[in-house]
$ cat entry-v8.pdb   # PDB, C-alpha atoms
ATOM      1  CA  MET A   1     -70.528  76.227 -16.542  1.00  0.00           C
ATOM      2  CA  GLN A   2     -73.367  78.747 -16.705  1.00  0.00           C
ATOM      3  CA  PHE A   3     -76.054  78.608 -14.032  1.00  0.00           C
ATOM      4  CA  PHE A   4     -78.205  81.560 -15.092  1.00  0.00           C
ATOM      5  CA  SER A   5     -79.576  83.011 -18.286  1.00  0.00           C
ATOM      6  CA  LYS A   6     -80.060  86.752 -18.851  1.00  0.00           C
ATOM      7  CA  HIS A   7     -83.699  86.058 -19.672  1.00  0.00           C
ATOM      8  CA  GLN A   8     -84.717  84.601 -16.300  1.00  0.00           C
ATOM      9  CA  PRO A   9     -86.905  86.674 -13.952  1.00  0.00           C
ATOM     10  CA  ALA A  10     -85.094  88.411 -11.082  1.00  0.00           C
ATOM     11  CA  ALA A  11     -86.814  86.191  -8.477  1.00  0.00           C
ATOM     12  CA  ILE A  12     -85.166  83.087  -9.936  1.00  0.00           C
ATOM     13  CA  GLN A  13     -81.747  84.756  -9.970  1.00  0.00           C
ATOM     14  CA  GLN A  14     -81.657  85.421  -6.200  1.00  0.00           C
ATOM     15  CA  MET A  15     -78.430  84.105  -4.745  1.00  0.00           C
ATOM     16  CA  THR A  16     -76.610  84.428  -1.451  1.00  0.00           C
ATOM     17  CA  LEU A  17     -72.880  84.946  -1.922  1.00  0.00           C
ATOM     18  CA  ILE A  18     -70.103  84.382   0.584  1.00  0.00           C
ATOM     19  CA  SER A  19     -67.252  86.259  -1.077  1.00  0.00           C
ATOM     20  CA  GLY A  20     -63.649  85.154  -1.340  1.00  0.00           C
ATOM     21  CA  THR A  21     -62.618  87.646   1.344  1.00  0.00           C
ATOM     22  CA  CYS A  22     -65.147  86.292   3.860  1.00  0.00           C
ATOM     23  CA  ALA A  23     -64.781  83.552   6.502  1.00  0.00           C
ATOM     24  CA  LEU A  24     -67.922  82.445   8.347  1.00  0.00           C
ATOM     25  CA  GLU A  25     -68.781  79.830  10.946  1.00  0.00           C
ATOM     26  CA  GLY A  26     -72.270  78.732  11.952  1.00  0.00           C
ATOM     27  CA  LYS A  27     -75.503  77.485  10.417  1.00  0.00           C
ATOM     28  CA  LEU A  28     -77.103  78.769   7.199  1.00  0.00           C
ATOM     29  CA  GLU A  29     -80.726  78.045   6.304  1.00  0.00           C
ATOM     30  CA  LEU A  30     -81.955  79.497   3.019  1.00  0.00           C
ATOM     31  CA  SER A  31     -84.437  78.954   0.205  1.00  0.00           C
ATOM     32  CA  GLY A  32     -82.392  80.471  -2.627  1.00  0.00           C
ATOM     33  CA  GLU A  33     -79.116  79.451  -4.185  1.00  0.00           C
ATOM     34  CA  LEU A  34     -75.878  79.818  -2.258  1.00  0.00           C
ATOM     35  CA  GLN A  35     -72.424  80.374  -3.717  1.00  0.00           C
ATOM     36  CA  ILE A  36     -69.438  80.131  -1.414  1.00  0.00           C
ATOM     37  CA  SER A  37     -66.223  81.675  -2.693  1.00  0.00           C
ATOM     38  CA  GLY A  38     -64.620  82.140   0.744  1.00  0.00           C
ATOM     39  CA  THR A  39     -64.378  79.918   3.808  1.00  0.00           C
ATOM     40  CA  PHE A  40     -67.325  78.403   5.687  1.00  0.00           C
ATOM     41  CA  LYS A  41     -67.417  76.010   8.643  1.00  0.00           C
ATOM     42  CA  GLY A  42     -70.772  74.678   9.832  1.00  0.00           C
ATOM     43  CA  ASP A  43     -74.115  73.442   8.539  1.00  0.00           C
ATOM     44  CA  ILE A  44     -75.921  74.500   5.362  1.00  0.00           C
ATOM     45  CA  VAL A  45     -79.572  73.734   4.616  1.00  0.00           C
ATOM     46  CA  SER A  46     -80.945  74.989   1.295  1.00  0.00           C
ATOM     47  CA  SER A  47     -84.007  74.079  -0.754  1.00  0.00           C
ATOM     48  CA  SER A  48     -82.039  75.139  -3.841  1.00  0.00           C
ATOM     49  CA  ASN A  49     -78.509  74.708  -5.237  1.00  0.00           C
ATOM     50  CA  VAL A  50     -75.275  75.160  -3.314  1.00  0.00           C
ATOM     51  CA  ILE A  51     -72.125  76.053  -5.256  1.00  0.00           C
ATOM     52  CA  ILE A  52     -68.656  75.772  -3.728  1.00  0.00           C
ATOM     53  CA  ALA A  53     -66.509  77.875  -6.066  1.00  0.00           C
ATOM     54  CA  ALA A  54     -62.866  77.277  -7.000  1.00  0.00           C
ATOM     55  CA  GLY A  55     -60.636  78.434  -4.144  1.00  0.00           C
ATOM     56  CA  ALA A  56     -63.418  78.096  -1.532  1.00  0.00           C
ATOM     57  CA  LYS A  57     -63.042  75.912   1.566  1.00  0.00           C
ATOM     58  CA  VAL A  58     -66.105  74.409   3.246  1.00  0.00           C
ATOM     59  CA  GLN A  59     -66.205  72.086   6.247  1.00  0.00           C
ATOM     60  CA  GLY A  60     -69.409  70.704   7.769  1.00  0.00           C
ATOM     61  CA  GLU A  61     -72.738  69.262   6.733  1.00  0.00           C
ATOM     62  CA  ILE A  62     -74.743  70.226   3.630  1.00  0.00           C
ATOM     63  CA  ARG A  63     -78.384  69.472   2.760  1.00  0.00           C
ATOM     64  CA  ALA A  64     -79.531  70.951  -0.545  1.00  0.00           C
ATOM     65  CA  ALA A  65     -81.361  70.250  -3.805  1.00  0.00           C
ATOM     66  CA  LYS A  66     -78.115  70.076  -5.820  1.00  0.00           C
ATOM     67  CA  LEU A  67     -74.461  70.571  -4.940  1.00  0.00           C
ATOM     68  CA  PHE A  68     -71.727  71.778  -7.312  1.00  0.00           C
ATOM     69  CA  ILE A  69     -68.179  71.583  -5.906  1.00  0.00           C
ATOM     70  CA  LYS A  70     -65.193  73.254  -7.558  1.00  0.00           C
ATOM     71  CA  GLY A  71     -63.267  74.100  -4.384  1.00  0.00           C
ATOM     72  CA  GLU A  72     -62.541  72.087  -1.232  1.00  0.00           C
ATOM     73  CA  PHE A  73     -65.182  70.321   0.853  1.00  0.00           C
ATOM     74  CA  SER A  74     -64.797  68.177   3.948  1.00  0.00           C
ATOM     75  CA  GLY A  75     -67.745  66.669   5.795  1.00  0.00           C
ATOM     76  CA  GLN A  76     -71.104  65.097   5.053  1.00  0.00           C
ATOM     77  CA  CYS A  77     -73.643  65.860   2.312  1.00  0.00           C
ATOM     78  CA  THR A  78     -77.211  64.683   1.956  1.00  0.00           C
ATOM     79  CA  VAL A  79     -78.115  65.885  -1.526  1.00  0.00           C
ATOM     80  CA  PRO A  80     -80.030  64.140  -4.364  1.00  0.00           C
ATOM     81  CA  ALA A  81     -77.470  65.265  -7.008  1.00  0.00           C
ATOM     82  CA  ILE A  82     -73.778  66.060  -6.402  1.00  0.00           C
ATOM     83  CA  HIS A  83     -71.390  67.279  -9.104  1.00  0.00           C
ATOM     84  CA  ILE A  84     -67.678  67.237  -8.223  1.00  0.00           C
ATOM     85  CA  LEU A  85     -66.057  69.440 -10.856  1.00  0.00           C
ATOM     86  CA  GLN A  86     -62.563  69.435 -12.313  1.00  0.00           C
ATOM     87  CA  SER A  87     -60.578  71.319  -9.653  1.00  0.00           C
ATOM     88  CA  ALA A  88     -62.478  70.014  -6.587  1.00  0.00           C
ATOM     89  CA  ALA A  89     -61.086  68.163  -3.571  1.00  0.00           C
ATOM     90  CA  VAL A  90     -63.769  66.350  -1.549  1.00  0.00           C
ATOM     91  CA  THR A  91     -63.350  64.325   1.643  1.00  0.00           C
ATOM     92  CA  GLY A  92     -66.217  62.761   3.550  1.00  0.00           C
ATOM     93  CA  THR A  93     -69.503  60.925   3.235  1.00  0.00           C
ATOM     94  CA  LEU A  94     -71.915  61.707   0.408  1.00  0.00           C
ATOM     95  CA  TYR A  95     -75.539  60.577   0.579  1.00  0.00           C
ATOM     96  CA  THR A  96     -76.787  60.886  -2.997  1.00  0.00           C
ATOM     97  CA  ASN A  97     -78.392  59.006  -5.865  1.00  0.00           C
ATOM     98  CA  GLU A  98     -76.625  61.035  -8.567  1.00  0.00           C
ATOM     99  CA  LEU A  99     -72.875  61.544  -8.311  1.00  0.00           C
ATOM    100  CA  SER A 100     -70.651  62.856 -11.090  1.00  0.00           C
ATOM    101  CA  ILE A 101     -66.895  63.317 -10.741  1.00  0.00           C
ATOM    102  CA  GLU A 102     -65.011  65.110 -13.501  1.00  0.00           C
ATOM    103  CA  PRO A 103     -61.440  64.187 -14.456  1.00  0.00           C
ATOM    104  CA  GLY A 104     -58.996  66.221 -12.367  1.00  0.00           C
ATOM    105  CA  ALA A 105     -61.223  66.168  -9.254  1.00  0.00           C
ATOM    106  CA  SER A 106     -60.436  64.124  -6.156  1.00  0.00           C
ATOM    107  CA  PHE A 107     -62.833  62.324  -3.818  1.00  0.00           C
ATOM    108  CA  MET A 108     -61.791  60.431  -0.674  1.00  0.00           C
ATOM    109  CA  GLY A 109     -64.572  58.932   1.364  1.00  0.00           C
ATOM    110  CA  GLN A 110     -67.737  57.025   0.759  1.00  0.00           C
ATOM    111  CA  SER A 111     -70.893  57.446  -1.255  1.00  0.00           C
ATOM    112  CA  CYS A 112     -74.154  56.022   0.058  1.00  0.00           C
ATOM    113  CA  PRO A 113     -77.664  55.921  -1.431  1.00  0.00           C
ATOM    114  CA  TYR A 114     -79.746  59.013  -0.701  1.00  0.00           C
ATOM    115  CA  GLN A 115     -82.737  58.239   1.514  1.00  0.00           C
ATOM    116  CA  PHE A 116     -85.669  60.624   1.183  1.00  0.00           C
ATOM    117  CA  GLU A 117     -86.727  61.595   4.688  1.00  0.00           C
ATOM    118  CA  GLU A 118     -90.485  61.387   5.070  1.00  0.00           C
ATOM    119  CA  LEU A 119     -92.264  63.102   7.909  1.00  0.00           C
ATOM    120  CA  PRO A 120     -93.941  60.696  10.309  1.00  0.00           C
ATOM    121  CA  LEU A 121     -97.679  60.338   9.829  1.00  0.00           C
ATOM    122  CA  LEU A 122     -99.917  61.923  12.436  1.00  0.00           C
ATOM    123  CA  PRO A 123    -102.284  59.635  14.288  1.00  0.00           C
ATOM    124  CA  GLU A 124    -105.819  59.781  12.814  1.00  0.00           C
ATOM    125  CA  ASN A 125    -107.239  61.522  15.886  1.00  0.00           C
ATOM    126  CA  ALA A 126    -104.408  64.089  16.186  1.00  0.00           C
ATOM    127  CA  LEU A 127    -106.391  66.830  14.433  1.00  0.00           C
ATOM    128  CA  THR A 128    -109.644  66.211  16.296  1.00  0.00           C
ATOM    129  CA  ASP A 129    -108.290  66.251  19.858  1.00  0.00           C
TER     130      ASP A 129
END
$ encode --input "entry-v8.pdb" --output "structure tokens"
Amino acid sequence: MQFFSKHQPAAIQQMTLISGTCALEGKLELSGELQISGTFKGDIVSSSNVIIAAGAKVQGEIRAAKLFIKGEFSGQCTVPAIHILQSAAVTGTLYTNELSIEPGASFMGQSCPYQFEELPLLPENALTD
């Protein structure tokens, strides 16, 4: 699966990489793509794609535009489109409206409809006070 073309501008190709030799714990908030090849435990919030590479292990909660899983994931995802690829092992709750599971992947858990979270409306006089 190819995610980038050689002809895309450098700004589009920005990606954060957690290498296979790295183990992190905490909370990540980012606007670009994230590829995890190592181990991560915690929360991830991205306005772009998150890729869990083959051999990676991720535990926690993920909110992103799209999620591609080839490694191991355990936890909860709230993502409009989730792709569980051939070698993946996924356990948990997936909130999504688009779920694809390739042959050879495993998924134990539940899938629920994705609910877009709208911000509450401000009262009409909130800006004039």
$ residues_around --input "entry-v8.pdb" --residues "A:Val90" --least-positions-apart "2" --cutoff "6 Å" --atoms "all atoms listed in the file" --output "ChimeraX atom specification"
/A:72-74,107
$ closest_residue --input "entry-v8.pdb" --among "A:Ala53, A:Ser100, A:Pro113, A:Ile82" --to "A:Ser37" --atoms "all atoms listed in the file"
A:Ala53
$ residues_around --input "entry-v8.pdb" --residues "A:Ile52" --least-positions-apart "3" --cutoff "6 Å" --atoms "all atoms listed in the file" --output "ChimeraX atom specification"
/A:35-36,69-71
$ resolve_selection --input "entry-v8.pdb" --expression "the PyMOL selection byres ((chain A and resi 67) around 9)" --output "PyMOL selection string"
chain A and resi 48-52+62-66+68-69+77+79-84
$ atom_distance --input "entry-v8.pdb" --atom1 "atom CA of A:Gly32" --atom2 "atom CA of A:Val58"
18.3 Å
$ residues_near_point --input "entry-v8.pdb" --point "(-61.7, 58.4, -0.2)" --cutoff "9 Å" --atoms "all atoms listed in the file" --output "list of chain:residue names"
A:Val90, A:Thr91, A:Gly92, A:Thr93, A:Ser106, A:Phe107, A:Met108, A:Gly109, A:Gln110
$ write_last_selection --input "entry-v8.pdb" --atoms "C-alpha atoms" --output "short mmCIF file (atom, residue, chain, number, x, y, z; two decimals), in the coordinates of the input"
data_model
loop_
_atom_site.label_atom_id
_atom_site.label_comp_id
_atom_site.auth_asym_id
_atom_site.auth_seq_id
_atom_site.Cartn_x
_atom_site.Cartn_y
_atom_site.Cartn_z
CA VAL A 90 -63.77 66.35 -1.55
CA THR A 91 -63.35 64.32 1.64
CA GLY A 92 -66.22 62.76 3.55
CA THR A 93 -69.50 60.92 3.24
CA SER A 106 -60.44 64.12 -6.16
CA PHE A 107 -62.83 62.32 -3.82
CA MET A 108 -61.79 60.43 -0.67
CA GLY A 109 -64.57 58.93 1.36
CA GLN A 110 -67.74 57.02 0.76
#
$ resolve_selection --input "entry-v8.pdb" --expression "the PyMOL selection byres ((chain A and resi 29) around 9)" --output "ChimeraX atom specification"
/A:27-28,30-31,43-47
$ atom_distance --input "entry-v8.pdb" --atom1 "atom CA of A:Ser111" --atom2 "atom CA of A:Gln76"
9.9 Å
$ closest_residue --input "entry-v8.pdb" --among "A:Ile18, A:Cys112, A:Leu85, A:Leu94" --to "A:Ala56" --atoms "all atoms listed in the file"
A:Ile18
$ resolve_selection --input "entry-v8.pdb" --expression "the PyMOL selection byres ((chain A and resi 22) around 12)" --output "PyMOL selection string"
chain A and resi 17-21+23-25+36-41+56-58
$ atom_distance --input "entry-v8.pdb" --atom1 "atom CA of A:Thr96" --atom2 "atom CA of A:Gln115"
7.9 Å
$ closest_residue --input "entry-v8.pdb" --among "A:Gln14, A:Ala54, A:Ser87, A:Gly75" --to "A:Gly42" --atoms "all atoms listed in the file"
A:Gly75
